[in-house]
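This is work18.cif. It holds mmCIF, C-alpha atoms and all ligand atoms.
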```cif
data_entry
loop_
_atom_site.label_atom_id
_atom_site.label_comp_id
_atom_site.auth_asym_id
_atom_site.auth_seq_id
_atom_site.Cartn_x
_atom_site.Cartn_y
_atom_site.Cartn_z
CA MET A 27 -47.98 35.04 -46.44
CA PHE A 28 -49.24 37.97 -48.40
CA ILE A 29 -49.53 41.74 -48.03
CA ARG A 30 -52.22 43.39 -50.15
CA ILE A 31 -51.91 46.77 -51.85
CA ASP A 32 -55.23 48.38 -52.80
CA LYS A 33 -54.16 49.37 -56.32
CA LEU A 34 -54.21 47.81 -59.77
CA GLN A 35 -50.87 46.79 -61.31
CA VAL A 36 -51.47 49.24 -64.14
CA GLU A 37 -53.54 52.38 -64.59
CA MET A 38 -56.76 51.54 -66.43
CA PRO A 39 -59.30 54.28 -67.22
CA LEU A 40 -62.91 53.25 -66.51
CA PRO A 41 -64.65 52.63 -69.87
CA ASN A 42 -67.16 55.29 -70.95
CA GLU A 43 -69.90 52.80 -71.78
CA PRO A 44 -70.73 49.15 -71.14
CA ASP A 45 -69.45 46.52 -73.59
CA PRO A 46 -70.78 43.12 -72.42
CA SER A 47 -69.39 41.22 -75.43
CA ALA A 48 -65.90 42.47 -74.62
CA ALA A 49 -66.47 41.61 -70.94
CA ALA A 50 -67.35 38.01 -71.82
CA ALA A 51 -64.31 37.65 -74.12
CA VAL A 52 -62.01 39.08 -71.44
CA ASN A 53 -63.56 36.75 -68.84
CA GLU A 54 -61.86 33.87 -70.72
CA LEU A 55 -58.61 35.32 -69.36
CA MET A 56 -59.92 34.91 -65.82
CA GLY A 57 -61.37 31.41 -65.78
CA GLY A 58 -60.59 29.77 -69.13
CA ARG A 59 -58.11 26.91 -69.55
CA PHE A 60 -55.28 29.42 -70.15
CA GLY A 61 -56.63 32.19 -67.90
CA GLU A 62 -54.91 33.97 -65.05
CA LEU A 63 -56.52 31.69 -62.46
CA THR A 64 -54.64 28.79 -64.07
CA THR A 65 -51.25 30.51 -64.14
CA LEU A 66 -51.74 31.86 -60.61
CA ASN A 67 -52.80 28.55 -59.09
CA THR A 68 -50.28 26.45 -61.01
CA TYR A 69 -47.34 28.51 -59.74
CA MET A 70 -48.92 28.90 -56.30
CA PHE A 71 -49.34 25.14 -55.80
CA GLN A 72 -45.90 24.43 -57.24
CA SER A 73 -44.50 26.84 -54.64
CA PHE A 74 -46.54 25.20 -51.83
CA ASN A 75 -45.21 21.75 -52.76
CA PHE A 76 -41.61 22.71 -53.60
CA LYS A 77 -39.11 20.35 -51.93
CA GLN A 78 -35.46 21.21 -51.15
CA ARG A 79 -36.29 24.87 -51.60
CA GLU A 80 -33.14 26.06 -49.79
CA LYS A 81 -30.84 24.11 -52.13
CA LEU A 82 -32.85 25.03 -55.20
CA LYS A 83 -33.53 28.59 -54.09
CA PRO A 84 -33.29 30.44 -57.47
CA PHE A 85 -35.93 28.15 -59.02
CA TYR A 86 -38.19 28.25 -55.96
CA ALA A 87 -37.85 32.04 -55.74
CA LEU A 88 -38.72 32.47 -59.42
CA ILE A 89 -41.89 30.37 -59.26
CA ALA A 90 -43.05 31.81 -55.90
CA ASN A 91 -42.45 35.40 -57.03
CA ILE A 92 -44.21 35.00 -60.39
CA ALA A 93 -47.17 33.45 -58.48
CA ALA A 94 -47.44 36.70 -56.48
CA GLU A 95 -47.48 38.75 -59.69
CA GLU A 96 -50.26 36.54 -61.09
CA LEU A 97 -52.42 37.46 -58.06
CA GLY A 98 -52.29 41.01 -59.38
CA HIS A 99 -53.20 39.76 -62.86
CA ILE A 100 -56.45 38.13 -61.73
CA GLU A 101 -57.25 41.41 -59.97
CA LEU A 102 -56.58 43.30 -63.21
CA VAL A 103 -58.78 41.00 -65.32
CA GLY A 104 -61.45 41.31 -62.60
CA ALA A 105 -61.31 45.09 -62.81
CA ALA A 106 -61.42 45.02 -66.61
CA VAL A 107 -64.60 42.88 -66.64
CA ASN A 108 -66.22 45.13 -64.01
CA GLY A 109 -65.32 48.18 -66.06
CA LEU A 110 -66.76 46.69 -69.26
CA LEU A 111 -70.03 45.86 -67.42
CA ASN A 112 -70.17 49.25 -65.70
CA GLY A 113 -73.41 51.18 -66.20
CA ILE A 114 -75.59 48.33 -67.49
CA GLN A 115 -79.24 49.19 -66.74
CA PRO A 116 -82.47 47.86 -68.24
CA LYS A 117 -83.19 50.01 -71.30
CA GLY A 118 -86.82 51.18 -71.39
CA ASP A 119 -89.08 48.14 -71.56
CA ALA A 120 -86.16 45.83 -72.41
CA ALA A 121 -85.13 43.19 -69.92
CA PHE A 122 -81.68 43.05 -68.31
CA ALA A 123 -80.85 40.04 -70.48
CA ASP A 124 -81.01 42.25 -73.58
CA SER A 125 -78.81 44.87 -71.91
CA PHE A 126 -76.10 42.22 -71.45
CA GLY A 127 -76.27 41.38 -75.14
CA THR A 128 -77.49 38.14 -76.61
CA ALA A 129 -74.19 37.11 -78.22
CA THR A 130 -72.75 35.76 -74.99
CA MET A 131 -73.55 32.89 -72.63
CA ALA A 132 -71.89 34.81 -69.82
CA GLY A 133 -74.49 37.63 -69.68
CA PRO A 134 -77.11 35.83 -67.53
CA MET A 135 -74.31 34.67 -65.21
CA TYR A 136 -73.16 38.26 -64.65
CA HIS A 137 -76.69 39.37 -63.81
CA ILE A 138 -77.89 36.37 -61.77
CA ASN A 139 -74.72 35.31 -59.93
CA GLY A 140 -72.02 37.88 -60.50
CA GLY A 141 -73.22 41.19 -58.97
CA HIS A 142 -72.59 42.63 -62.47
CA GLY A 143 -68.92 41.75 -62.14
CA VAL A 144 -66.36 39.08 -62.98
CA LEU A 145 -66.81 35.38 -62.20
CA PRO A 146 -64.27 32.51 -62.19
CA MET A 147 -65.50 31.23 -65.54
CA SER A 148 -64.63 31.09 -69.23
CA ALA A 149 -66.13 33.31 -71.95
CA MET A 150 -68.89 30.69 -72.25
CA GLY A 151 -69.75 30.70 -68.55
CA GLN A 152 -68.02 27.36 -67.76
CA PRO A 153 -66.49 27.33 -64.24
CA TRP A 154 -62.71 27.42 -63.81
CA ARG A 155 -61.43 23.96 -62.83
CA GLY A 156 -58.84 22.96 -60.25
CA ASP A 157 -57.54 20.25 -62.56
CA TYR A 158 -56.17 22.94 -64.89
CA ILE A 159 -53.34 23.10 -62.30
CA PHE A 160 -50.21 21.07 -63.13
CA ASN A 161 -47.70 20.18 -60.44
CA SER A 162 -45.75 16.95 -60.96
CA GLY A 163 -43.02 17.73 -58.41
CA ASN A 164 -40.40 17.14 -61.11
CA LEU A 165 -38.73 20.52 -61.52
CA VAL A 166 -37.87 20.20 -65.23
CA LEU A 167 -41.35 18.96 -66.08
CA ASP A 168 -43.05 21.67 -64.00
CA LEU A 169 -40.92 24.43 -65.59
CA LEU A 170 -41.60 22.96 -69.04
CA HIS A 171 -45.31 23.05 -68.27
CA ASN A 172 -45.03 26.67 -67.08
CA PHE A 173 -43.25 27.60 -70.32
CA PHE A 174 -46.05 25.94 -72.29
CA LEU A 175 -48.72 27.57 -70.09
CA GLU A 176 -47.38 31.12 -70.59
CA ASN A 177 -47.34 30.59 -74.36
CA GLY A 178 -50.82 29.06 -74.31
CA ALA A 179 -51.95 32.10 -72.33
CA ARG A 180 -50.25 34.41 -74.86
CA THR A 181 -52.13 32.68 -77.69
CA ALA A 182 -55.45 33.06 -75.84
CA LYS A 183 -54.73 36.75 -75.22
CA LEU A 184 -53.94 37.35 -78.90
CA ARG A 185 -57.24 35.73 -79.84
CA VAL A 186 -59.22 37.73 -77.27
CA TYR A 187 -57.43 40.84 -78.62
CA GLU A 188 -58.80 40.04 -82.08
CA MET A 189 -62.32 39.52 -80.62
CA THR A 190 -62.65 43.07 -79.31
CA LYS A 191 -61.61 46.56 -80.34
CA ASN A 192 -62.58 47.97 -76.95
CA PRO A 193 -59.68 50.27 -75.94
CA ALA A 194 -59.96 49.44 -72.21
CA ALA A 195 -59.82 45.70 -72.90
CA ARG A 196 -56.95 46.15 -75.33
CA ARG A 197 -54.96 48.32 -72.90
CA MET A 198 -55.11 45.54 -70.30
CA LEU A 199 -54.19 42.96 -72.95
CA GLY A 200 -51.18 45.06 -73.99
CA TYR A 201 -49.98 44.98 -70.39
CA LEU A 202 -50.58 41.26 -69.91
CA PHE A 203 -48.84 40.38 -73.22
CA THR A 204 -45.79 42.23 -71.99
CA ARG A 205 -45.77 40.52 -68.60
CA GLY A 206 -46.56 37.09 -70.06
CA GLY A 207 -43.62 37.50 -72.43
CA VAL A 208 -41.36 38.11 -69.42
CA HIS A 209 -42.66 34.98 -67.68
CA ALA A 210 -42.20 32.77 -70.76
CA HIS A 211 -38.64 34.13 -71.11
CA ALA A 212 -37.94 33.56 -67.38
CA TYR A 213 -39.09 29.92 -67.51
CA ALA A 214 -36.99 29.43 -70.68
CA LEU A 215 -33.91 30.71 -68.84
CA ALA A 216 -34.66 28.46 -65.84
CA LEU A 217 -34.85 25.43 -68.16
CA GLU A 218 -31.63 26.48 -69.88
CA LYS A 219 -29.84 26.67 -66.52
CA LEU A 220 -31.09 23.19 -65.57
CA THR A 221 -30.70 21.35 -68.88
CA GLY A 222 -28.52 23.44 -71.22
CA VAL A 223 -31.33 23.54 -73.79
CA ASP A 224 -31.79 27.06 -75.20
CA MET A 225 -35.57 27.28 -74.95
CA LYS A 226 -35.66 31.03 -75.64
CA LYS A 227 -34.87 30.33 -79.31
CA MET A 228 -38.50 29.17 -79.63
CA LEU A 229 -39.87 32.53 -78.52
CA PRO A 230 -42.10 34.31 -79.22
CA ILE A 231 -44.96 31.80 -79.52
CA PRO A 232 -47.02 32.56 -81.58
CA ASN A 233 -44.31 34.18 -83.70
CA ILE A 234 -45.70 37.70 -83.25
CA GLU A 235 -43.41 40.14 -81.47
CA GLY A 236 -44.73 42.32 -78.66
CA LYS A 237 -43.89 45.52 -80.56
CA THR A 238 -46.49 44.66 -83.23
CA ILE A 239 -49.25 45.10 -80.62
CA PRO A 240 -49.73 48.91 -80.38
CA GLU A 241 -51.10 48.63 -76.82
CA SER A 242 -47.86 46.94 -75.67
CA LEU A 243 -45.63 49.77 -76.90
CA PRO A 244 -46.10 52.15 -73.91
CA PHE A 245 -45.18 49.32 -71.52
CA MET A 246 -42.18 48.27 -73.62
CA ALA A 247 -41.03 51.91 -73.72
CA GLU A 248 -40.90 51.76 -69.92
CA GLY A 249 -38.77 48.60 -70.14
CA MET A 250 -41.46 46.33 -68.64
CA HIS A 251 -40.57 43.56 -71.14
CA ARG A 252 -37.08 43.37 -69.60
CA ARG A 253 -38.11 43.50 -65.95
CA LEU A 254 -39.09 41.13 -63.18
CA TYR A 255 -40.70 42.84 -60.20
CA ARG A 256 -39.75 41.43 -56.81
CA PHE A 257 -43.09 41.14 -54.99
CA SER A 258 -41.64 40.90 -51.49
CA THR A 259 -40.01 43.11 -48.89
CA ASP A 260 -37.00 40.83 -48.28
CA ASP A 261 -37.37 37.57 -50.19
CA TYR A 262 -36.87 36.03 -53.63
CA ARG A 263 -33.67 37.94 -54.52
CA GLU A 264 -32.17 34.61 -55.66
CA MET A 265 -34.22 34.67 -58.89
CA GLY A 266 -31.58 37.14 -60.10
CA ALA A 267 -29.34 34.10 -60.73
CA ILE A 268 -31.80 33.10 -63.50
CA TRP A 269 -33.16 36.45 -64.73
CA ARG A 270 -30.00 37.89 -66.24
CA GLY A 271 -28.73 38.52 -69.76
CA GLU A 272 -30.28 40.40 -72.66
CA ALA A 273 -33.88 41.12 -73.66
CA LEU A 274 -35.07 38.91 -76.54
CA ASP A 275 -35.43 41.97 -78.81
CA GLY A 276 -31.91 43.16 -77.96
CA SER A 277 -33.29 46.35 -76.38
CA GLY A 278 -31.24 46.14 -73.19
CA PRO A 279 -30.34 44.08 -70.13
CA LEU A 280 -32.77 42.02 -68.06
CA GLU A 281 -33.48 43.72 -64.73
CA ILE A 282 -35.06 43.07 -61.36
CA THR A 283 -37.02 45.90 -59.72
CA ASP A 284 -37.42 45.70 -55.94
CA GLY A 285 -41.11 46.10 -55.23
CA PRO A 286 -44.29 46.20 -57.33
CA PRO A 287 -45.05 48.40 -60.33
CA THR A 288 -46.40 51.93 -59.61
CA GLY A 289 -49.85 50.81 -60.76
CA GLY A 290 -53.09 52.78 -60.75
CA PRO A 291 -56.23 53.32 -58.65
CA GLN A 292 -59.03 50.79 -58.16
CA TYR A 293 -62.35 51.59 -59.86
CA GLN A 294 -65.02 53.47 -57.93
CA GLN A 295 -68.34 52.29 -59.38
CA GLU A 296 -71.96 53.24 -58.73
CA GLY A 297 -74.45 50.58 -57.62
CA VAL A 298 -77.30 49.22 -59.78
CA ALA A 299 -80.42 49.71 -57.65
CA SER A 300 -82.67 47.87 -60.13
CA ALA A 301 -80.53 44.73 -59.62
CA PHE A 302 -80.34 45.25 -55.80
CA ILE A 303 -76.62 46.11 -55.96
CA PRO A 304 -76.01 46.90 -53.13
CA ASP A 305 -79.80 47.07 -52.64
CA TYR A 306 -83.04 48.28 -54.22
CA ALA A 307 -83.18 51.27 -51.91
CA PRO A 308 -79.67 51.75 -50.48
CA GLU A 309 -80.87 54.46 -48.07
CA GLU A 310 -82.84 51.75 -46.20
CA ILE A 311 -79.59 50.02 -45.26
CA LEU A 312 -78.38 53.21 -43.68
CA GLU A 313 -81.70 53.59 -41.78
CA ILE A 314 -81.53 50.01 -40.48
CA ALA A 315 -77.94 50.51 -39.38
CA GLN A 316 -78.93 53.67 -37.51
CA LYS A 317 -81.81 51.88 -35.72
CA LEU A 318 -79.52 49.01 -34.69
CA TYR A 319 -77.01 51.50 -33.41
CA ALA A 320 -79.70 53.34 -31.38
CA LYS A 321 -80.79 50.03 -29.80
CA ALA A 322 -77.23 49.04 -29.00
CA VAL A 323 -76.51 52.26 -27.14
CA GLY A 324 -79.91 51.88 -25.41
MN MN A 401 -50.53 36.52 -65.88
MN MN A 402 -47.66 34.86 -66.40
#
```
Could you write out this file's structure as structure tokens?
Amino acid sequence: MFIRIDKLQVEMPLPNEPDPSAAAAVNELMGGRFGELTTLNTYMFQSFNFKQREKLKPFYALIANIAAEELGHIELVGAAVNGLLNGIQPKGDAAFADSFGTATMAGPMYHINGGHGVLPMSAMGQPWRGDYIFNSGNLVLDLLHNFFLENGARTAKLRVYEMTKNPAARRMLGYLFTRGGVHAHAYALALEKLTGVDMKKMLPIPNIEGKTIPESLPFMAEGMHRRLYRFSTDDYREMGAIWRGEALDGSGPLEITDGPPTGGPQYQQEGVASAFIPDYAPEEILEIAQKLYAKAVG
């Protein structure tokens, strides 16, 4: 089961102005082939279907715990897209479509179906697909897939990073690079324990170190590239049998922190009355509610 904390995993200032092109690029990291919905659901379903979990506890704990962290990552990407779409209004005589920019297929989706927020789709507006999930039931194969998936996701993030200079988008990318690097390393260590093959020698993929991304540096300074967070009150301690040793960059020991990161507040955003969000004349909703209440109390 899950307990929800109404915070974002990292503090993210609300952007000063809308940037719909950046929003569409970042949306790839929600619902694209290598987006957070794919990592989340792959690890989640692998944890649902895990057999002999008592005997194989460190591996089960690792996958189940990383799945919980990925829930926070989809929330973060969701917030980032909302932030980048914040404040979009029709400009003068221009239609909404122009306000969302014409360079993206995702713009009409945001306006027509998305409440001016994130949708489970790629940068091109294609829906996320359940068959992006991989769960063979073979532990080595599943961990190998997870290792591949984290590095595929890292590649996608690097490319999205190059597609936008928006500081809010890049701050979130800096955080997700750092966390994705930890997950790739963790799956490499799990495979090494099982097979003896030193997968971490392949890292990083692509061969670009985290410290070359300026937006990753504040998170690395806090040691986040060496840390697994334990997203549970009492469970998943056994992953410590896998997550031990040295950071890949030699900066210190691998660590487990009990509990989630400190994080930051959720966005508080204004509505868009001209798109009926939450309605054309929000005061009417209040009036209706008051009338219903008066009737109810008779
Ligand atoms: Mn992630
Ligand atoms: Mn990950």
Residue contacts of region 122-139 of chain A (8 Å, all atoms listed in the file) excluding same-chain residues fewer than 3 positions away, as a ChimeraX atom specification: /A:46-47,50,114-117,142-145,149-151,301
For the selection you just gave me, I'd like the residues written to a file as a short mmCIF file (atom, residue, chain, number, x, y, z; two decimals), in the frame of the given file, keeping C-alpha atoms.
```cif
data_model
loop_
_atom_site.label_atom_id
_atom_site.label_comp_id
_atom_site.auth_asym_id
_atom_site.auth_seq_id
_atom_site.Cartn_x
_atom_site.Cartn_y
_atom_site.Cartn_z
CA PRO A 46 -70.78 43.12 -72.42
CA SER A 47 -69.39 41.22 -75.43
CA ALA A 50 -67.35 38.01 -71.82
CA ILE A 114 -75.59 48.33 -67.49
CA GLN A 115 -79.24 49.19 -66.74
CA PRO A 116 -82.47 47.86 -68.24
CA LYS A 117 -83.19 50.01 -71.30
CA HIS A 142 -72.59 42.63 -62.47
CA GLY A 143 -68.92 41.75 -62.14
CA VAL A 144 -66.36 39.08 -62.98
CA LEU A 145 -66.81 35.38 -62.20
CA ALA A 149 -66.13 33.31 -71.95
CA MET A 150 -68.89 30.69 -72.25
CA GLY A 151 -69.75 30.70 -68.55
CA ALA A 301 -80.53 44.73 -59.62
#
```
To one decimal place, how far is CA of Asn42 (chain A) from CA of Leu102 (chain A) in Å?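 Separating CA of Asn42 (chain A) from CA of Leu102 (chain A) is a distance of 17.8 Å.
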Could you pull out the residues sitting within 7 Å of ligand MN 401 (chain A), using all atoms listed in the file, and write them as a list of chain:residue names? A:Glu62, A:Thr65, A:Glu96, A:His99, A:Leu202, A:Arg205, A:Gly206
Those residues you just picked out, can you put them in a file as a compact mmCIF listing (two decimals), keeping the file's coordinate frame with C-alpha atoms?
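Wrote again20.txt, looks like this:
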```txt
# COMPACT_ATOMS: atom_id res chain seq x y z
CA GLU A 62 -54.91 33.97 -65.05
CA THR A 65 -51.25 30.51 -64.14
CA GLU A 96 -50.26 36.54 -61.09
CA HIS A 99 -53.20 39.76 -62.86
CA LEU A 202 -50.58 41.26 -69.91
CA ARG A 205 -45.77 40.52 -68.60
CA GLY A 206 -46.56 37.09 -70.06
```
Cut-off 12 Å, all atoms listed in the file, neighbours of ligand MN 402 (chain A) as a ChimeraX atom specification: /A:55,60-70,88-100,172-180,183,201-213,254
From the options A:Gly57, A:Lys219, A:Gly200, A:Lys227, which residue's atoms come nearest to Val107 (chain A), counting all atoms listed in the file? A:Gly57
Suppose you want the space between CA of Ala48 (chain A) and CA of Pro193 (chain A); what is it in Å?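 These atoms are spaced 10.1 Å apart.
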Hey, which of A:Leu217, A:Leu199, A:Leu184, A:Met246 ends up closest to Ile234 (chain A)? Count only C-alpha atoms.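 Looking at the shortest contact to Ile234 (chain A), the residue is A:Leu184.
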Residue contacts of Arg263 (chain A) (10 Å, all atoms listed in the file) excluding same-chain residues fewer than 3 positions away, as a PyMOL selection string: chain A and resi 83-84+87-88+91+256-260+266-267+282+284
Generate a file of the selected residues that holds C-alpha atoms, formatted as a CSV table (one decimal), keeping the file's coordinate frame.
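See part_31.csv below for the written result:
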```csv
chain,number,residue,atom,x,y,z
A,83,LYS,CA,-33.5,28.6,-54.1
A,84,PRO,CA,-33.3,30.4,-57.5
A,87,ALA,CA,-37.8,32.0,-55.7
A,88,LEU,CA,-38.7,32.5,-59.4
A,91,ASN,CA,-42.4,35.4,-57.0
A,256,ARG,CA,-39.8,41.4,-56.8
A,257,PHE,CA,-43.1,41.1,-55.0
A,258,SER,CA,-41.6,40.9,-51.5
A,259,THR,CA,-40.0,43.1,-48.9
A,260,ASP,CA,-37.0,40.8,-48.3
A,266,GLY,CA,-31.6,37.1,-60.1
A,267,ALA,CA,-29.3,34.1,-60.7
A,282,ILE,CA,-35.1,43.1,-61.4
A,284,ASP,CA,-37.4,45.7,-55.9
```
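Closest to Thr181 (chain A) among A:Glu37, A:Pro232, A:Ala49, A:Pro44 is A:Pro232, based on only C-alpha atoms.
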At a cut-off of 12 Å, using only C-alpha atoms, what residues contact Ile31 (chain A)? Leave out same-chain residues fewer than 2 positions from it and give the result as a list of chain:residue names.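 Listed by chain and then number, they are A:Phe28, A:Ile29, A:Lys33, A:Leu34, A:Gln35, A:Ala94, A:Leu97, A:Gly98, A:Glu101, A:Phe257, A:Ser258, A:Gly285, A:Pro286, A:Pro287, A:Thr288, A:Gly289, A:Gly290, A:Pro291, A:Gln292.
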May I ask which of the residues A:Met147, A:Leu40, A:Ala51, A:Ala320 is the closest one to Thr190 (chain A), counting only C-alpha atoms?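 With only C-alpha atoms as the atom set, the closest residue is A:Ala51.
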Can you tell me, as a list in words, what residues are no more than 12 Å from Gly276 (chain A) when counting all atoms listed in the file, ignoring any on the same chain fewer than 3 positions away?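 Once the nearby chain positions are removed, what remains is Gly249, His251, Arg252, Gly271, Glu272, Ala273, Pro279 and Leu280 of chain A.
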d(CA of Gly140 (chain A), CA of Val36 (chain A)) in Å: 23.8 Å
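Distance check against Leu167 (chain A) using only C-alpha atoms: of A:Leu243, A:Ala121, A:Glu54, A:Gln72, the minimum falls on A:Gln72.
Counting all atoms listed in the file, the residue from A:Lys237, A:Phe71, A:Ala322, A:Met38 that sits nearest to Leu274 (chain A) is A:Lys237.
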